[in-house]
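Notes to accompany the following structure.
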Amino acid sequence: PIPCVPWQSQTSGQYQRRVHGHGENAKGIFKDVVKDLPKKYQKGRFLFINAWRNISDEPIGNHTLALCDETSLVKPDDYIAADYFDKLTPVQHYRLVDYNASQHQWYYFSKMRKRPR
């Protein structure tokens with residue numbers, strides 16, 4: 001069996017107050033996670049899954065999860081690169097600018113609960 005190694009960002013528990021991308025540093029996260037695994041798992045293909053959930057006992061009212069349909073973005077005009085310095089490694093995030101905001105298709109997940117009903 002292939003090992004599944006949970007990795008938690010050093011900033012977990014903090015709300016992000018801006019639109020940003022995830023996965024830009026998947027390779028760096030992979031290197032950090034696999035260093036303690038047997039050599040046979042340190043190369044090859046891997047799957048990076050970004051999971052998000054409510055950590056509060058109350059349903060989320062503000063700062064809800066919102067996902068933008070990537071196919072609705074104009075590339076590269078809608079992206080702006082920004083450096084972010086995590087405790088583990090510096091990361092280049094991509095943020096969205098609003099040049100073509102009227103075209104962006106968003107999906108909102110409001111009132112999320114800690115445990116789904």
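Naming scheme: A, B, ... for chains in displayed order of the structure tokens; residues 1 onward per chain; ligands 1 onward as shown.
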
What's around Lys114 (chain A) at 6 Å? Count only C-alpha atoms, leave out sequence neighbours fewer than 5 positions away in its own chain, and write the answer as a PDB file with N, CA, C and O atoms, in the first residue's frame.
```pdb
ATOM      1  N   ASN A  54     -14.758  23.438   8.135  1.00  0.00           N
ATOM      2  CA  ASN A  54     -15.051  24.333   9.242  1.00  0.00           C
ATOM      3  C   ASN A  54     -14.442  23.738  10.515  1.00  0.00           C
ATOM      4  O   ASN A  54     -14.660  22.573  10.824  1.00  0.00           O
ATOM      5  N   ILE A  55     -13.702  24.547  11.270  1.00  0.00           N
ATOM      6  CA  ILE A  55     -13.127  24.060  12.521  1.00  0.00           C
ATOM      7  C   ILE A  55     -13.881  24.600  13.735  1.00  0.00           C
ATOM      8  O   ILE A  55     -13.541  24.297  14.864  1.00  0.00           O
ATOM      9  N   ASP A  57     -17.487  25.170  16.036  1.00  0.00           N
ATOM     10  CA  ASP A  57     -18.710  24.444  16.364  1.00  0.00           C
ATOM     11  C   ASP A  57     -19.947  25.114  15.758  1.00  0.00           C
ATOM     12  O   ASP A  57     -21.002  24.501  15.674  1.00  0.00           O
TER      13      ASP A  57
END
```
